[in-house]
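What follows is one structure encoded as structure tokens, with my remarks underneath.
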Amino acid sequence: MSQQNEQFDEIFDVLVVGSGCGGLTAALTADIAAPAKVLVIEKSHLIGGTSATSGGVIWIPDNHLGKEKGAEDSIAEAKQYLQATIPEDEFNEPLIDTYLDQGPKMVKFMEDNTDARYTSLEHYPDYFQDAPGVKLGNRALEPLPVSADTLDDDVDNLHPSGPQTIVFGRYGVNFEESHAFTTQSPGWFKLFAKIFLTYWLDWSWRIKRKRSRRLAFGAASVTRLLSSIKKRNIPIWRSAALKEFIVKDDKVIGAIIEKEGRILKVQARRGVIVASGGFGQNQEMREKYLPKPTNSDWGCEPKTNTGDPIKAAEAIGAQLKFMDKAWWVTTVKAPNEEFPRLSEIEKSLPGNYTVNTSGKRFANESQNYLTFMLEVLEKEKLGESCAPMYMIFDANHRRNYPVGPLMPGKFFPDSLVKIVHRDWFGSDFLTSASTVEELAVQIGIDADALKATVNRVNDFSATGKDLDFKRGDNERDRFSGDPTLLNPCLGPVDKAPFYAMRIDPGEFATCGGMAINEHGQVLNNDNQPITGLYATGNCTPALLTTYPGPGATIGPAMTFGFIAAKHLSGSNTL
């Protein structure tokens, strides 16, 4: 923390820390609201952060795009839904009221003033289908795909997409296409054939890059915002890390930044907006704050998410909150992949069941992934190990559906896997056996318990009713199932060979950090705003702590980036 008079190396009106969707939204809003000299800094040499690895979806109730498709929604219904699904001690009413009011305005503003474009997902339901105010669709908005040409050579500075968002590691697909391919729903082959041919016939692009020219999901969202940043000539400093805030007369007036090994003092005349990632890649902070067991190798966030801005804010008296929380999700990491991938949809598909080291199921695999993981953490707290867990499936499931990086066997049979990925089978990652009992022995869990589990789910598959965890009893569960089955989420495990794939109790980001008010201002330990300092995204406490719908992280991050930029610009007219 620096408080003396400073000689600045660079002077800007607004400093934005982080180049994800929240940060880029803040930078654009600050420049448009009251033309300003804005600087964005990014710790990594790549742009986009956690947003670029994500699905890019934003959860914005009562948005104009849903209304255009005939959706009936209201802020009152959305608040009722959130009150019913977020614990009372985590329900921050002033911030939620602000979010519900400003979220639709943010989307309209971004579409009217930038290259951001979204489509309403009519059939992507909220995650708690028994709650009042719930909707079956249109609250989730997906970024429209965009050509990588939009960025020219800057496309090579874009953070790689999450591996689960790129089919076969090559093909850029949108949500509808990805969902159709994963669930093998009617028309999936025609969709994929078109994507396949478009990619392979694009010779001029293919000779330069493996990555598809067509960008979707989080890559599309970041690209559209980055394109707008470029048009407004807003600089982004890459490989530029925030080290500490500069404070004068109890006001944040700038920051000390390490840029490519050089220490720079940067003034921010209107203020600093921190929109960085969390601390998931900082094992020391994980050990201090997160539930045990905890391992940075299980997290999907960029390696640069080490919590530096959170620590810098704490050093000047910022209040920290929800440091024990994360956006929990099971993750899977193949031996040859650099980053873990989210393991969510495959757990929901019929004929795939998750067991822990007891050999027994313990939760509904098709439910909201964060809720599933909360049950994992509760098991750990009670002394039952869930590190690792295993997805158990059979030859029929293997043939028809993807499981993590393992593509359906009808496209990628075991014989080919053993040639291309020699270290997959025989490792702790992927195991196969001719009997369930043999499979259990190989992965080190109780054979009798696993056999009993398989027999029980086979009975459930025949009756269509999961008597243990009610899997498939609501629309959220069935969303990723097979509608041709008696219960779209339940299928038998009865055809050899049998398989187990290891999954870990991970997260796609932590979500604790600097407490903020309804203007996005960072609060001190007396609940008073720290003048000149704002924050949004995963470096702040989660707003929608139970993950009530798809896009419950980026939606608030962009909304409070929008709010913070308006406030420091003195604009209330947007």
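In the structure tokens, chains take letters A, B, ... by order of appearance, with residues numbered from 1 within each chain and ligands from 1 in the order shown.
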Show me a table, sorted first by chain and then by increasing residue number, of the residues of stretch 150-188 of chain A having an atom at most 12 Å from stretch 56-62 of chain A, each with its shortest atom pair and the distance in Å to one decimal, counting only C-alpha atoms and written as a Markdown table.
| residue | atom | partner | partner_atom | distance |
| --- | --- | --- | --- | --- |
| A:Ser161 | CA | A:Gly56 | CA | 10.3 |
| A:Gly162 | CA | A:Gly56 | CA | 10.7 |
| A:Thr165 | CA | A:Gly56 | CA | 10.1 |
| A:Asn174 | CA | A:Gly56 | CA | 10.2 |
| A:Phe175 | CA | A:Val57 | CA | 9.2 |
Hey, can you spit out that residue selection with all heavy atoms as a PDB file, in the first residue's frame?
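Generated output (out.pdb):
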ATOM      1  N   SER A 161     -10.324 -21.490 -25.432  1.00  0.00           N
ATOM      2  CA  SER A 161     -11.623 -21.871 -24.896  1.00  0.00           C
ATOM      3  C   SER A 161     -11.469 -23.068 -23.968  1.00  0.00           C
ATOM      4  O   SER A 161     -10.501 -23.828 -24.054  1.00  0.00           O
ATOM      5  CB  SER A 161     -12.571 -22.235 -26.040  1.00  0.00           C
ATOM      6  OG  SER A 161     -12.752 -21.161 -26.920  1.00  0.00           O
ATOM      7  N   GLY A 162     -12.436 -23.238 -23.065  1.00  0.00           N
ATOM      8  CA  GLY A 162     -12.464 -24.448 -22.262  1.00  0.00           C
ATOM      9  C   GLY A 162     -12.620 -25.648 -23.175  1.00  0.00           C
ATOM     10  O   GLY A 162     -13.396 -25.606 -24.137  1.00  0.00           O
ATOM     11  N   THR A 165     -15.948 -26.839 -24.508  1.00  0.00           N
ATOM     12  CA  THR A 165     -16.744 -26.011 -25.417  1.00  0.00           C
ATOM     13  C   THR A 165     -16.314 -26.166 -26.871  1.00  0.00           C
ATOM     14  O   THR A 165     -16.891 -25.529 -27.752  1.00  0.00           O
ATOM     15  CB  THR A 165     -16.642 -24.527 -25.032  1.00  0.00           C
ATOM     16  OG1 THR A 165     -15.311 -24.055 -25.272  1.00  0.00           O
ATOM     17  CG2 THR A 165     -17.012 -24.310 -23.573  1.00  0.00           C
ATOM     18  N   ASN A 174     -22.202 -23.588 -31.128  1.00  0.00           N
ATOM     19  CA  ASN A 174     -22.984 -22.827 -30.164  1.00  0.00           C
ATOM     20  C   ASN A 174     -23.691 -23.780 -29.211  1.00  0.00           C
ATOM     21  O   ASN A 174     -23.516 -24.998 -29.279  1.00  0.00           O
ATOM     22  CB  ASN A 174     -23.959 -21.887 -30.875  1.00  0.00           C
ATOM     23  CG  ASN A 174     -25.026 -22.627 -31.672  1.00  0.00           C
ATOM     24  OD1 ASN A 174     -25.274 -23.814 -31.475  1.00  0.00           O
ATOM     25  ND2 ASN A 174     -25.686 -21.923 -32.584  1.00  0.00           N
ATOM     26  N   PHE A 175     -24.503 -23.218 -28.331  1.00  0.00           N
ATOM     27  CA  PHE A 175     -25.119 -24.048 -27.304  1.00  0.00           C
ATOM     28  C   PHE A 175     -26.051 -25.100 -27.903  1.00  0.00           C
ATOM     29  O   PHE A 175     -26.013 -26.267 -27.511  1.00  0.00           O
ATOM     30  CB  PHE A 175     -25.884 -23.172 -26.310  1.00  0.00           C
ATOM     31  CG  PHE A 175     -26.538 -23.968 -25.223  1.00  0.00           C
ATOM     32  CD1 PHE A 175     -25.810 -24.388 -24.127  1.00  0.00           C
ATOM     33  CD2 PHE A 175     -27.873 -24.339 -25.313  1.00  0.00           C
ATOM     34  CE1 PHE A 175     -26.390 -25.160 -23.140  1.00  0.00           C
ATOM     35  CE2 PHE A 175     -28.464 -25.098 -24.331  1.00  0.00           C
ATOM     36  CZ  PHE A 175     -27.729 -25.509 -23.242  1.00  0.00           C
TER      37      PHE A 175
END
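Across A:Phe498, A:Phe508, A:Arg170, A:Phe196, the tightest approach to A:Ala52 is made by A:Phe508 when counting only C-alpha atoms.
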Work out how far atom CA of A:Arg398 is from atom CA of A:Ser185, in Å to one decimal.
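Interatomic distance here is 16.3 Å.
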Hey, which of A:Leu382, A:Met285, A:Ala535, A:Ala552 ends up closest to A:Lys311? Count only C-alpha atoms.
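Checking each candidate against A:Lys311, we get A:Met285 as the closest.
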Proximity of stretch 481-511 of chain A to stretch 355-360 of chain A: per-residue shortest pair, 12 Å limit, only C-alpha atoms, as a Markdown table:
| residue | atom | partner | partner_atom | distance |
| --- | --- | --- | --- | --- |
| A:Ala500 | CA | A:Val355 | CA | 9.7 |
| A:Met501 | CA | A:Val355 | CA | 10.5 |
| A:Arg502 | CA | A:Asn356 | CA | 9.8 |
| A:Ile503 | CA | A:Asn356 | CA | 9.6 |
| A:Asp504 | CA | A:Asn356 | CA | 10.1 |
| A:Pro505 | CA | A:Asn356 | CA | 10.7 |
Write out as a PyMOL selection string which residues come within 10 Å of A:Leu151 when counting only C-alpha atoms, dropping same-chain ones fewer than 4 positions away.
chain A and resi 147+155-158+223-224+226-228+230
Could you find all residues in stretch 336-507 of chain A that DSSP calls strand (DSSP E) from the backbone, and write them as a list of chain:residue names?
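The residues of stretch 336-507 of chain A classed as strand (DSSP E) are A:Arg341, A:Leu342, A:Tyr353, A:Thr354, A:Val355, A:Met389, A:Tyr390, A:Met391, A:Ile392, A:Phe393, A:Leu430, A:Thr431, A:Ser432, A:Ala433, A:Phe498, A:Tyr499, A:Ala500, A:Met501, A:Arg502, A:Ile503, A:Asp504, A:Pro505, A:Gly506, A:Glu507.
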Coordinates-based distance that separates atom CA of A:Phe560 from atom CA of A:Ile96 (Å, one decimal)
10.7 Å
What's the 7 Å shell around A:Ala312, counting only C-alpha atoms, without same-chain residues fewer than 3 positions away, as a short mmCIF file (atom, residue, chain, number, x, y, z; two decimals) with N, CA, C and O atoms, in the first residue's frame?
data_model
loop_
_atom_site.label_atom_id
_atom_site.label_comp_id
_atom_site.auth_asym_id
_atom_site.auth_seq_id
_atom_site.Cartn_x
_atom_site.Cartn_y
_atom_site.Cartn_z
N LYS A 243 0.01 -4.92 -8.46
CA LYS A 243 0.80 -5.26 -7.28
C LYS A 243 0.21 -4.64 -6.02
O LYS A 243 0.12 -5.30 -4.98
N GLU A 244 -0.18 -3.36 -6.08
CA GLU A 244 -0.81 -2.72 -4.93
C GLU A 244 -1.52 -1.46 -5.38
O GLU A 244 -1.28 -0.95 -6.48
N PHE A 245 -2.42 -0.98 -4.53
CA PHE A 245 -3.15 0.24 -4.82
C PHE A 245 -2.41 1.44 -4.25
O PHE A 245 -1.74 1.34 -3.21
N ASP A 308 -4.26 -11.95 -6.46
CA ASP A 308 -3.43 -10.78 -6.15
C ASP A 308 -4.25 -9.52 -5.83
O ASP A 308 -3.97 -8.83 -4.84
N PRO A 309 -5.27 -9.17 -6.64
CA PRO A 309 -6.05 -7.96 -6.33
C PRO A 309 -6.81 -8.07 -5.02
O PRO A 309 -7.02 -7.06 -4.33
N ALA A 315 -5.09 -5.29 1.94
CA ALA A 315 -4.00 -4.50 2.53
C ALA A 315 -4.39 -3.05 2.77
O ALA A 315 -3.78 -2.37 3.61
N ILE A 316 -5.42 -2.54 2.06
CA ILE A 316 -5.85 -1.15 2.30
C ILE A 316 -7.18 -1.12 3.06
O ILE A 316 -7.89 -0.11 3.05
#
Can you tell me which residues surround A:Ala131 at a distance of at most 9 Å, considering only C-alpha atoms, apart from same-chain residues fewer than 6 positions away, and format the answer as a list in words?
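Skipping anything fewer than 6 positions along the chain leaves Gln80, Tyr81, Leu82, Ala84 and Thr85 of chain A.
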Give me the residues near A:Pro550 as a PyMOL selection string, where near means some atom within 9 Å (using only C-alpha atoms) and where sequence neighbours in that chain fewer than 2 positions away do not count.
chain A and resi 57-59+124-127+139-141+547-548+552-553
Looking only at the backbone, which of the residues in stretch 128-342 of chain A does DSSP tag as alpha helix (DSSP H), as JSON, numbers by chain?
{"A": [175, 176, 177, 178, 179, 180, 181, 182, 183, 188, 189, 190, 191, 192, 193, 194, 195, 196, 197, 198, 199, 200, 203, 204, 205, 206, 217, 218, 219, 220, 221, 222, 223, 224, 225, 226, 227, 228, 229, 230, 231, 283, 284, 285, 286, 287, 288, 289, 308, 309, 310, 311, 312, 313, 314, 315]}
Set the distance at 7 Å and use only C-alpha atoms: which residues neighbour A:Val173 once local chain neighbours fewer than 5 positions away are removed? I'd like the list as a list in words.
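In the requested format, the answer is Ile166, Ser178 and Ala216 of chain A.
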